[in-house]
$ cat target13.txt   # compact mmCIF, C-alpha atoms
# COMPACT_ATOMS: atom_id res chain seq x y z
CA MET A 20 -13.03 -30.58 -7.65
CA HIS A 21 -10.31 -33.16 -8.19
CA GLU A 22 -11.78 -35.57 -5.65
CA LEU A 23 -12.73 -37.93 -8.47
CA SER A 24 -9.13 -38.45 -9.57
CA ILE A 25 -8.02 -38.66 -5.94
CA CYS A 26 -10.67 -41.33 -5.45
CA TYR A 27 -9.34 -43.33 -8.41
CA GLY A 28 -5.94 -43.01 -6.76
CA ILE A 29 -7.32 -44.37 -3.48
CA LEU A 30 -8.80 -47.38 -5.25
CA GLU A 31 -5.56 -48.00 -7.13
CA VAL A 32 -3.55 -48.00 -3.90
CA ALA A 33 -6.15 -50.09 -2.07
CA MET A 34 -6.35 -52.64 -4.89
CA GLY A 35 -2.58 -52.96 -4.80
CA ALA A 36 -2.79 -53.71 -1.09
CA LEU A 37 -5.32 -56.50 -1.70
CA GLU A 38 -3.17 -58.18 -4.36
CA PRO A 39 -0.95 -60.30 -2.04
CA LEU A 40 -3.94 -61.60 -0.05
CA PRO A 41 -5.10 -65.20 -0.58
CA ARG A 42 -8.26 -65.78 -2.60
CA PRO A 43 -11.15 -65.69 -2.15
CA LEU A 44 -10.75 -62.16 -0.87
CA PRO A 45 -12.48 -61.31 2.36
CA ARG A 46 -15.04 -58.55 2.22
CA VAL A 47 -13.48 -55.13 2.82
CA GLU A 48 -15.40 -53.25 5.48
CA ARG A 49 -13.32 -50.14 5.87
CA VAL A 50 -10.72 -48.16 3.97
CA THR A 51 -8.99 -45.76 6.36
CA MET A 52 -7.29 -42.62 5.10
CA ARG A 53 -5.32 -39.76 6.60
CA ILE A 54 -5.97 -36.43 4.96
CA GLY A 55 -3.97 -33.36 5.90
CA ARG A 56 -5.86 -30.14 6.54
CA LEU A 57 -3.76 -28.24 4.04
CA THR A 58 -4.78 -30.48 1.15
CA ALA A 59 -7.39 -29.09 -1.17
CA VAL A 60 -9.66 -32.09 -0.68
CA VAL A 61 -13.23 -32.07 0.59
CA PRO A 62 -13.74 -35.27 2.64
CA ASP A 63 -17.51 -35.41 2.02
CA THR A 64 -17.05 -35.20 -1.73
CA LEU A 65 -14.41 -37.89 -1.57
CA SER A 66 -16.77 -40.21 0.35
CA HIS A 67 -19.48 -39.49 -2.20
CA TYR A 68 -17.25 -40.53 -5.13
CA PHE A 69 -16.05 -43.55 -3.19
CA ASP A 70 -19.65 -44.72 -2.85
CA LEU A 71 -20.23 -44.10 -6.56
CA LEU A 72 -17.11 -45.89 -7.79
CA THR A 73 -16.97 -48.95 -5.56
CA PRO A 74 -20.07 -50.99 -6.57
CA GLY A 75 -18.89 -54.00 -8.54
CA THR A 76 -15.36 -53.78 -7.11
CA ASP A 77 -13.68 -55.50 -4.17
CA PHE A 78 -14.64 -52.44 -2.13
CA GLU A 79 -18.38 -52.61 -2.65
CA GLY A 80 -20.13 -51.71 0.59
CA ALA A 81 -16.91 -50.62 2.30
CA ALA A 82 -16.87 -47.40 4.29
CA LEU A 83 -14.29 -44.72 3.64
CA VAL A 84 -13.01 -43.55 7.01
CA ILE A 85 -11.15 -40.25 6.95
CA GLU A 86 -8.84 -39.12 9.73
CA GLU A 87 -7.90 -35.46 9.48
CA VAL A 88 -4.28 -34.55 10.10
CA PRO A 89 -3.51 -31.12 11.58
CA ILE A 90 -1.05 -28.77 9.91
CA ARG A 91 2.23 -28.77 11.82
CA GLY A 92 5.41 -26.86 11.11
CA ARG A 93 8.98 -26.61 12.35
CA CYS A 94 10.93 -23.40 12.38
CA ASP A 95 14.16 -23.55 10.37
CA GLU A 96 15.69 -20.84 12.57
CA CYS A 97 14.90 -21.86 16.16
CA ALA A 98 13.74 -25.47 15.61
CA ALA A 99 10.45 -24.93 17.48
CA SER A 100 7.66 -27.16 16.24
CA PHE A 101 4.04 -26.09 16.46
CA GLU A 102 0.54 -26.57 15.12
CA ILE A 103 -0.61 -24.11 12.48
CA GLU A 104 -4.24 -23.51 13.31
CA THR A 105 -4.98 -20.18 11.72
CA LEU A 106 -2.99 -20.63 8.49
CA SER A 107 -0.25 -18.46 9.89
CA PHE A 108 3.04 -20.00 8.80
CA THR A 109 5.19 -17.77 10.97
CA CYS A 110 7.09 -19.23 13.91
CA PRO A 111 5.19 -18.31 17.11
CA ARG A 112 8.45 -18.36 19.08
CA CYS A 113 10.93 -16.35 17.01
CA GLY A 114 8.77 -14.87 14.24
CA SER A 115 10.72 -16.44 11.39
CA GLY A 116 8.91 -17.17 8.14
CA LEU A 117 11.17 -20.08 7.28
CA VAL A 118 8.84 -22.80 8.40
CA GLU A 119 9.11 -26.34 7.20
CA LEU A 120 5.87 -28.24 6.88
CA LEU A 121 5.85 -31.36 9.08
CA SER A 122 2.31 -32.49 8.34
CA GLY A 123 -0.88 -31.32 6.70
CA ARG A 124 -0.48 -32.50 3.11
CA GLU A 125 -1.19 -36.20 3.74
CA LEU A 126 -3.35 -38.05 1.27
CA GLU A 127 -2.58 -41.54 2.51
CA VAL A 128 -4.37 -44.82 2.55
CA VAL A 129 -3.53 -46.09 6.03
CA SER A 130 -5.20 -49.48 6.23
CA LEU A 131 -7.94 -51.78 5.03
CA ASP A 132 -10.17 -53.66 7.44
CA THR A 133 -11.68 -56.88 6.23
CA ALA A 134 -14.58 -58.85 7.63
CA GLU A 135 -13.94 -61.82 9.91
CA GLU A 136 -14.52 -65.15 8.19
CA GLU A 137 -18.20 -65.66 7.83
CA VAL A 138 -19.66 -68.73 9.52
CA PRO A 139 -22.37 -70.21 7.31
CA CYS A 140 -25.75 -70.14 8.98
CA ALA A 141 -26.75 -73.60 10.22
CA SER A 142 -30.49 -73.31 9.91
CA MET B 25 -8.20 -58.47 9.83
CA GLN B 26 -6.42 -55.23 9.25
CA VAL B 27 -4.14 -54.78 6.24
CA SER B 28 -1.63 -52.00 6.73
CA VAL B 29 -1.15 -49.88 3.58
CA LEU B 30 0.46 -46.54 4.45
CA ARG B 31 0.82 -45.28 0.90
CA SER B 32 0.14 -41.84 -0.48
CA VAL B 33 -2.48 -41.56 -3.16
CA LEU B 34 -0.17 -39.13 -4.96
CA ASP B 35 2.77 -41.58 -5.10
CA ALA B 36 1.86 -42.75 -8.60
CA ASN B 37 1.69 -39.15 -9.85
CA ASP B 38 4.90 -38.15 -8.10
CA LEU B 39 6.73 -41.08 -9.61
CA ILE B 40 5.75 -40.04 -13.15
CA ALA B 41 6.56 -36.40 -12.26
CA LYS B 42 10.09 -37.52 -11.37
CA GLU B 43 10.41 -39.35 -14.69
CA ASN B 44 9.23 -36.20 -16.51
CA ARG B 45 11.77 -34.20 -14.57
CA LYS B 46 14.55 -36.58 -15.63
CA GLU B 47 13.48 -36.19 -19.25
CA PHE B 48 13.50 -32.39 -18.93
CA ASP B 49 16.86 -32.50 -17.12
CA ALA B 50 18.34 -34.70 -19.85
CA HIS B 51 17.47 -31.99 -22.38
CA GLY B 52 18.63 -29.18 -20.11
CA CYS B 53 15.14 -27.64 -19.94
CA PHE B 54 14.06 -25.39 -17.08
CA VAL B 55 10.36 -26.01 -16.49
CA ILE B 56 7.76 -23.67 -15.04
CA ASN B 57 4.32 -24.81 -13.95
CA LEU B 58 2.19 -21.68 -14.40
CA MET B 59 -0.99 -21.72 -12.34
CA SER B 60 -3.89 -19.38 -11.60
CA ALA B 61 -7.66 -19.05 -11.59
CA PRO B 62 -9.31 -18.76 -15.02
CA GLY B 63 -8.86 -15.32 -16.53
CA SER B 64 -5.98 -14.14 -14.36
CA GLY B 65 -3.82 -13.53 -17.41
CA LYS B 66 -1.57 -16.58 -17.75
CA THR B 67 -1.73 -16.60 -21.54
CA ALA B 68 -1.25 -12.83 -21.83
CA ILE B 69 1.81 -13.14 -19.59
CA LEU B 70 3.14 -15.94 -21.78
CA GLU B 71 2.59 -13.92 -24.96
CA ARG B 72 4.60 -11.04 -23.63
CA THR B 73 7.25 -13.32 -22.12
CA LEU B 74 7.75 -15.28 -25.34
CA ARG B 75 8.22 -12.03 -27.26
CA ALA B 76 10.79 -10.85 -24.72
CA LEU B 77 12.75 -14.10 -24.85
CA GLU B 78 12.77 -14.29 -28.65
CA GLY B 79 16.35 -14.56 -29.86
CA GLN B 80 17.61 -15.03 -26.27
CA LEU B 81 16.31 -18.41 -25.16
CA ARG B 82 14.46 -21.15 -26.94
CA VAL B 83 11.10 -21.79 -25.39
CA ALA B 84 8.39 -24.43 -25.68
CA VAL B 85 4.88 -24.40 -24.22
CA ILE B 86 2.46 -27.03 -23.00
CA GLU B 87 -1.06 -25.63 -22.80
CA GLY B 88 -3.60 -27.22 -20.49
CA ASP B 89 -7.30 -26.57 -20.89
CA VAL B 90 -10.42 -28.55 -20.31
CA LEU B 91 -11.53 -27.82 -23.87
CA GLY B 92 -10.36 -26.16 -27.04
CA THR B 93 -7.16 -24.73 -28.45
CA LEU B 94 -7.85 -21.01 -27.93
CA ASP B 95 -4.74 -20.47 -25.80
CA ALA B 96 -2.44 -22.52 -28.04
CA ASP B 97 -3.79 -20.63 -31.08
CA ARG B 98 -2.69 -17.37 -29.46
CA LEU B 99 0.85 -18.63 -28.93
CA VAL B 100 1.51 -20.41 -32.23
CA PRO B 101 2.05 -17.13 -34.17
CA LEU B 102 4.91 -16.38 -31.78
CA GLY B 103 6.88 -19.16 -33.43
CA VAL B 104 7.42 -21.46 -30.47
CA PRO B 105 6.46 -25.14 -30.33
CA VAL B 106 3.13 -25.48 -28.51
CA VAL B 107 1.33 -28.65 -27.49
CA GLN B 108 -2.26 -28.42 -26.33
CA ILE B 109 -3.55 -30.85 -23.71
CA ASN B 110 -7.31 -31.06 -23.40
CA THR B 111 -8.36 -32.73 -20.19
CA ASP B 112 -11.92 -33.14 -21.44
CA PRO B 113 -12.11 -36.12 -23.82
CA LEU B 114 -9.16 -38.13 -22.56
CA PHE B 115 -9.04 -37.38 -18.89
CA GLY B 116 -12.66 -36.97 -17.86
CA GLY B 117 -12.67 -33.17 -17.85
CA GLU B 118 -10.03 -32.89 -15.16
CA CYS B 119 -9.62 -29.51 -13.52
CA HIS B 120 -5.82 -29.74 -13.43
CA LEU B 121 -2.86 -31.20 -15.29
CA ASP B 122 -1.17 -34.22 -13.78
CA ALA B 123 2.18 -35.84 -14.46
CA ARG B 124 0.72 -38.54 -16.71
CA MET B 125 -0.83 -35.96 -19.05
CA ILE B 126 2.52 -34.19 -19.36
CA ARG B 127 4.26 -37.50 -20.05
CA ASN B 128 1.75 -38.25 -22.81
CA ALA B 129 2.32 -34.80 -24.33
CA LEU B 130 6.11 -34.98 -24.33
CA PRO B 131 6.59 -37.01 -27.53
CA ALA B 132 4.86 -34.21 -29.47
CA LEU B 133 7.15 -31.54 -28.04
CA PRO B 134 10.65 -31.16 -29.47
CA LEU B 135 12.87 -30.49 -26.44
CA ASP B 136 16.30 -30.43 -28.10
CA GLY B 137 17.87 -27.02 -27.62
CA VAL B 138 14.88 -25.77 -25.62
CA ALA B 139 15.97 -23.82 -22.53
CA VAL B 140 12.60 -23.10 -20.95
CA VAL B 141 9.33 -25.03 -20.98
CA PHE B 142 6.22 -23.25 -19.75
CA ILE B 143 3.38 -25.49 -18.67
CA GLU B 144 0.19 -23.42 -18.53
CA ASN B 145 -2.04 -25.31 -16.17
CA VAL B 146 -5.83 -25.47 -16.28
CA GLY B 147 -7.31 -22.31 -14.75
CA ASN B 148 -8.04 -23.26 -11.14
CA LEU B 149 -6.65 -22.14 -7.78
CA VAL B 150 -7.40 -25.41 -6.02
CA CYS B 151 -6.47 -28.65 -7.73
CA PRO B 152 -3.28 -27.86 -9.69
CA ALA B 153 -1.59 -27.06 -6.37
CA GLU B 154 -1.81 -30.71 -5.40
CA PHE B 155 -0.17 -32.27 -8.47
CA SER B 156 3.49 -32.04 -9.41
CA VAL B 157 4.07 -32.45 -13.12
CA GLY B 158 7.88 -32.52 -13.10
CA GLU B 159 8.47 -28.76 -12.96
CA ASP B 160 11.48 -26.92 -11.54
CA ARG B 161 9.39 -24.04 -10.23
CA LYS B 162 5.74 -23.30 -9.61
CA VAL B 163 4.70 -19.78 -10.53
CA MET B 164 1.23 -18.54 -9.68
CA VAL B 165 -0.66 -15.59 -11.07
CA LEU B 166 -3.33 -13.71 -9.18
CA SER B 167 -5.08 -10.75 -10.75
CA VAL B 168 -6.02 -7.88 -8.48
CA ALA B 169 -9.65 -8.21 -9.58
CA GLU B 170 -9.83 -11.50 -7.66
CA GLY B 171 -9.57 -9.82 -4.27
CA GLU B 172 -7.05 -9.63 -1.45
CA ASP B 173 -8.56 -12.52 0.52
CA LYS B 174 -7.45 -15.30 -1.82
CA PRO B 175 -4.34 -16.47 0.12
CA LEU B 176 -6.59 -17.32 3.05
CA LYS B 177 -9.08 -19.16 0.84
CA TYR B 178 -6.62 -21.12 -1.28
CA PRO B 179 -3.65 -21.52 1.09
CA LEU B 180 -2.11 -24.56 -0.58
CA MET B 181 -1.61 -22.76 -3.91
CA PHE B 182 0.10 -19.83 -2.17
CA ARG B 183 2.11 -22.22 -0.01
CA VAL B 184 3.52 -24.35 -2.84
CA SER B 185 4.32 -21.49 -5.23
CA ASP B 186 7.87 -20.19 -5.69
CA LEU B 187 6.79 -16.85 -7.15
CA LEU B 188 3.59 -14.83 -7.39
CA LEU B 189 2.87 -12.49 -10.26
CA LEU B 190 0.22 -10.06 -9.02
CA ASN B 191 -1.29 -9.23 -12.39
CA LYS B 192 -3.53 -6.47 -13.78
CA THR B 193 -2.15 -3.80 -11.46
CA ASP B 194 -3.22 -1.30 -14.14
CA LEU B 195 -6.77 -1.91 -12.85
CA LEU B 196 -5.95 -0.99 -9.25
CA GLU B 197 -7.29 2.55 -9.55
CA HIS B 198 -10.71 1.15 -10.44
CA LEU B 199 -10.88 -1.43 -7.67
CA ASP B 200 -11.09 -1.60 -3.88
CA PHE B 201 -8.24 -4.11 -3.82
CA ASP B 202 -6.21 -3.50 -0.64
CA LEU B 203 -2.61 -4.14 -1.63
CA LEU B 204 -1.21 -3.98 1.91
CA GLN B 205 -3.86 -6.36 3.21
CA PHE B 206 -3.14 -8.70 0.30
CA ARG B 207 0.56 -8.73 1.06
CA ALA B 208 -0.22 -9.41 4.73
CA ASN B 209 -2.53 -12.30 3.80
CA ALA B 210 0.03 -13.80 1.43
CA ALA B 211 2.79 -13.42 4.02
CA ARG B 212 0.69 -15.20 6.60
CA VAL B 213 0.44 -18.32 4.44
CA ASN B 214 3.86 -18.08 2.82
CA PRO B 215 6.16 -15.49 4.39
CA VAL B 216 8.95 -16.19 1.90
CA LEU B 217 6.87 -16.00 -1.29
CA PRO B 218 8.29 -13.32 -3.60
CA ILE B 219 5.56 -11.10 -5.12
CA ILE B 220 6.01 -9.07 -8.29
CA GLU B 221 3.43 -6.36 -8.91
CA PHE B 222 2.75 -6.89 -12.54
CA SER B 223 0.74 -5.92 -15.56
CA ALA B 224 0.87 -8.00 -18.72
CA ARG B 225 -0.89 -5.07 -20.40
CA THR B 226 1.37 -2.15 -19.46
CA GLY B 227 4.53 -4.12 -18.75
CA GLN B 228 4.81 -3.10 -15.11
CA GLY B 229 7.06 -5.54 -13.25
CA PHE B 230 7.96 -7.27 -16.45
CA GLU B 231 11.70 -6.70 -16.21
CA THR B 232 11.74 -8.04 -12.65
CA TRP B 233 9.94 -11.17 -13.86
CA ILE B 234 12.36 -11.73 -16.75
CA ASP B 235 15.31 -11.17 -14.37
CA TRP B 236 13.87 -13.75 -11.97
CA LEU B 237 13.34 -16.18 -14.82
CA LEU B 238 16.84 -15.82 -16.27
CA ARG B 239 18.37 -16.13 -12.81
CA GLU B 240 16.42 -19.33 -12.10
CA VAL B 241 17.38 -20.76 -15.50
CA ALA B 242 21.04 -20.09 -14.70
CA VAL B 243 20.81 -21.49 -11.15
CA THR B 244 19.17 -24.67 -12.42
CA ALA B 245 21.77 -25.09 -15.17
CA THR B 246 24.55 -24.75 -12.57
CA ARG B 247 22.85 -27.27 -10.29
CA ARG B 248 22.69 -29.80 -13.13
CA ALA B 249 26.28 -29.28 -14.23
$ encode --input "target13.txt" --output "C-alpha cells"
Amino acid sequence: MHELSICYGILEVAMGALEPLPRPLPRVERVTMRIGRLTAVVPDTLSHYFDLLTPGTDFEGAALVIEEVPIRGRCDECAASFEIETLSFTCPRCGSGLVELLSGRELEVVSLDTAEEEVPCAS
Amino acid sequence: MQVSVLRSVLDANDLIAKENRKEFDAHGCFVINLMSAPGSGKTAILERTLRALEGQLRVAVIEGDVLGTLDADRLVPLGVPVVQINTDPLFGGECHLDARMIRNALPALPLDGVAVVFIENVGNLVCPAEFSVGEDRKVMVLSVAEGEDKPLKYPLMFRVSDLLLLNKTDLLEHLDFDLLQFRANAARVNPVLPIIEFSARTGQGFETWIDWLLREVAVTATRRA
C-alpha cells in the first residue's frame, strides 16, 4: 500500500546517484534493488509504480530489478546464525527468543546500470 | 557502466526521524507510536489513558488519519493539545505517518512541560511498521475480533512492536478467537513481545498498561539524564 512512497524514495536515491556523473547522462537501463522478505513491500506493485513514475525522468525505460533478501537471524544467547524461513524467530539450536535480525528488512538501491555509449548509425 | 549506490530508500525518513527524536529529547518527551488496523480501538485507548494520566503527567497527541478530524475531536474535550495530520490532501492519501509529516506537525504542538506524546498512526497493520517517526517505543493494538492469525499475516508489525495491547477482550465470549493460538502465533514472530489482555471498554488490563507506560517514561528519563 505504501509502495508509491517507497517508489518516490527509490527515485530520490537513484537521482542522487546520477548527480556526480558527467553530462549528457547515459541512458539508465536498470535500477537494481535488494528487498528483504520481512519488509511489507510487494515487488510487483513497486515495479508497477516505477513504470508509472519514470516516463519523462532520467529513468524512462529503465527496468527495476528486485533481488529478494532472505530473513536471517542470530541468537543473542548461543550466537548461532540461521535463516528464518517459516517466520519462526526462535533459535533452532537453543530455543531462545532473543534473536537479532541480521537481514530481511533491506530496502536498498544497490546499483544503476547505464547503456554503453551509443555509436551513431553510419547509414 | 555500473554505478554502485548501496543506499537504503528509508535513509531519508530515518534521518528526519532522528531529528524529531532529538527535538523530543530536548523537551524531555517520551514518545509512543501507536499503531493498529482501523477500528482496533486506538482512540478509545487514548481517551481512557488521557483521563487516567490527568493531573499526573502532561500529555500531547498527534493524530494521523487519511481524512477528517473525528479522532482529534474526541480528544480535544480531554484538555490536551492535539494536532491532526491528514495524509490525504498534503501527502497523497498516504496509508501511514512518516517522519516528515511529524516534523511538519511539531511547530503546532507545544512540547514544553509535556512528558508523553502519543502519535496515533493511520489505521493499517502493514505500512506504519516500516516508518520510524522518532518515537521511543512502538505500541501496537490488535482487537480480538481481528482473529488469531494476524501475527503470521503481518509479521513486521508484530516484530517491530515493543508492546501489544490485545484489545476488546470483553468480546471474547462472543467470538471464536483462540487466545492460546494467538499467543503462540505472536511468540513465533516475536517471542519477547509483551502482551497485555486489554479492554478499553471495561478497563481490563488498564492498570498493567499504565504501569508499563510510567515505567518506560521513567527509564527513558534516566537514560537521558
$ closest_atom_pairs --input "target13.txt" --of "chain A" --to "chain B" --cutoff "8 Å" --atoms "all atoms listed in the file" --output "tab-separated table"
residue	atom	partner	partner_atom	distance
A:Met20	CA	B:Cys151	CA	6.8
A:His21	CA	B:Cys151	CA	5.9
A:Ser24	CA	B:Glu118	CA	7.9
A:Ile25	CA	B:Val33	CA	6.8
A:Gly28	CA	B:Val33	CA	5.2
A:Ile29	CA	B:Val33	CA	5.6
A:Val32	CA	B:Val33	CA	6.6
A:Ala33	CA	B:Val29	CA	7.5
A:Ala36	CA	B:Val29	CA	6.3
A:Leu57	CA	B:Leu180	CA	6.1
A:Thr58	CA	B:Leu180	CA	6.7
A:Ala59	CA	B:Val150	CA	6.1
A:Leu106	CA	B:Val213	CA	5.8
A:Ser107	CA	B:Arg212	CA	4.7
A:Phe108	CA	B:Val213	CA	5.3
A:Thr109	CA	B:Arg212	CA	6.8
A:Gly116	CA	B:Pro215	CA	4.9
A:Leu117	CA	B:Val216	CA	7.0
A:Glu125	CA	B:Ser32	CA	7.2
A:Leu126	CA	B:Ser32	CA	5.4
A:Glu127	CA	B:Ser32	CA	4.1
A:Val128	CA	B:Arg31	CA	5.5
A:Val129	CA	B:Leu30	CA	4.3
A:Ser130	CA	B:Ser28	CA	4.4
A:Leu131	CA	B:Val27	CA	5.0
A:Asp132	CA	B:Gln26	CA	4.5
A:Thr133	CA	B:Met25	CA	5.3
A:Ala134	CA	B:Met25	CA	6.8
A:Glu135	CA	B:Met25	CA	6.6
$ residues_near_point --input "target13.txt" --point "(12.5, -31.9, -13.0)" --cutoff "8 Å" --atoms "only C-alpha atoms" --output "list in words"
Ala41, Lys42, Glu43, Asn44, Arg45, Lys46, Glu47, Phe48, Asp49, Phe54, Val55, Gly158, Glu159 and Asp160 of chain B
$ write_last_selection --input "target13.txt" --atoms "C-alpha atoms" --output "PDB file, in the coordinates of the input"
ATOM      1  CA  ALA B  41       6.560 -36.400 -12.260  1.00  0.00           C
ATOM      2  CA  LYS B  42      10.090 -37.520 -11.370  1.00  0.00           C
ATOM      3  CA  GLU B  43      10.410 -39.350 -14.690  1.00  0.00           C
ATOM      4  CA  ASN B  44       9.230 -36.200 -16.510  1.00  0.00           C
ATOM      5  CA  ARG B  45      11.770 -34.200 -14.570  1.00  0.00           C
ATOM      6  CA  LYS B  46      14.550 -36.580 -15.630  1.00  0.00           C
ATOM      7  CA  GLU B  47      13.480 -36.190 -19.250  1.00  0.00           C
ATOM      8  CA  PHE B  48      13.500 -32.390 -18.930  1.00  0.00           C
ATOM      9  CA  ASP B  49      16.860 -32.500 -17.120  1.00  0.00           C
ATOM     10  CA  PHE B  54      14.060 -25.390 -17.080  1.00  0.00           C
ATOM     11  CA  VAL B  55      10.360 -26.010 -16.490  1.00  0.00           C
ATOM     12  CA  GLY B 158       7.880 -32.520 -13.100  1.00  0.00           C
ATOM     13  CA  GLU B 159       8.470 -28.760 -12.960  1.00  0.00           C
ATOM     14  CA  ASP B 160      11.480 -26.920 -11.540  1.00  0.00           C
TER      15      ASP B 160
END
$ atom_distance --input "target13.txt" --atom1 "atom CA of B:Gly227" --atom2 "atom CA of B:Ala245"
27.4 Å
$ closest_residue --input "target13.txt" --among "B:Gly147, B:Leu196, B:Leu102, B:Val141" --to "B:Ala76" --atoms "all atoms listed in the file"
B:Leu102
$ residues_near_point --input "target13.txt" --point "(-19.5, -41.5, -4.8)" --cutoff "12 Å" --atoms "all atoms listed in the file" --output "ChimeraX atom specification"
/A:22-27,62-74,79-83
$ write_last_selection --input "target13.txt" --atoms "C-alpha atoms" --output "PDB file, in the coordinates of the input"
ATOM      1  CA  GLU A  22     -11.780 -35.570  -5.650  1.00  0.00           C
ATOM      2  CA  LEU A  23     -12.730 -37.930  -8.470  1.00  0.00           C
ATOM      3  CA  SER A  24      -9.130 -38.450  -9.570  1.00  0.00           C
ATOM      4  CA  ILE A  25      -8.020 -38.660  -5.940  1.00  0.00           C
ATOM      5  CA  CYS A  26     -10.670 -41.330  -5.450  1.00  0.00           C
ATOM      6  CA  TYR A  27      -9.340 -43.330  -8.410  1.00  0.00           C
ATOM      7  CA  PRO A  62     -13.740 -35.270   2.640  1.00  0.00           C
ATOM      8  CA  ASP A  63     -17.510 -35.410   2.020  1.00  0.00           C
ATOM      9  CA  THR A  64     -17.050 -35.200  -1.730  1.00  0.00           C
ATOM     10  CA  LEU A  65     -14.410 -37.890  -1.570  1.00  0.00           C
ATOM     11  CA  SER A  66     -16.770 -40.210   0.350  1.00  0.00           C
ATOM     12  CA  HIS A  67     -19.480 -39.490  -2.200  1.00  0.00           C
ATOM     13  CA  TYR A  68     -17.250 -40.530  -5.130  1.00  0.00           C
ATOM     14  CA  PHE A  69     -16.050 -43.550  -3.190  1.00  0.00           C
ATOM     15  CA  ASP A  70     -19.650 -44.720  -2.850  1.00  0.00           C
ATOM     16  CA  LEU A  71     -20.230 -44.100  -6.560  1.00  0.00           C
ATOM     17  CA  LEU A  72     -17.110 -45.890  -7.790  1.00  0.00           C
ATOM     18  CA  THR A  73     -16.970 -48.950  -5.560  1.00  0.00           C
ATOM     19  CA  PRO A  74     -20.070 -50.990  -6.570  1.00  0.00           C
ATOM     20  CA  GLU A  79     -18.380 -52.610  -2.650  1.00  0.00           C
ATOM     21  CA  GLY A  80     -20.130 -51.710   0.590  1.00  0.00           C
ATOM     22  CA  ALA A  81     -16.910 -50.620   2.300  1.00  0.00           C
ATOM     23  CA  ALA A  82     -16.870 -47.400   4.290  1.00  0.00           C
ATOM     24  CA  LEU A  83     -14.290 -44.720   3.640  1.00  0.00           C
TER      25      LEU A  83
END
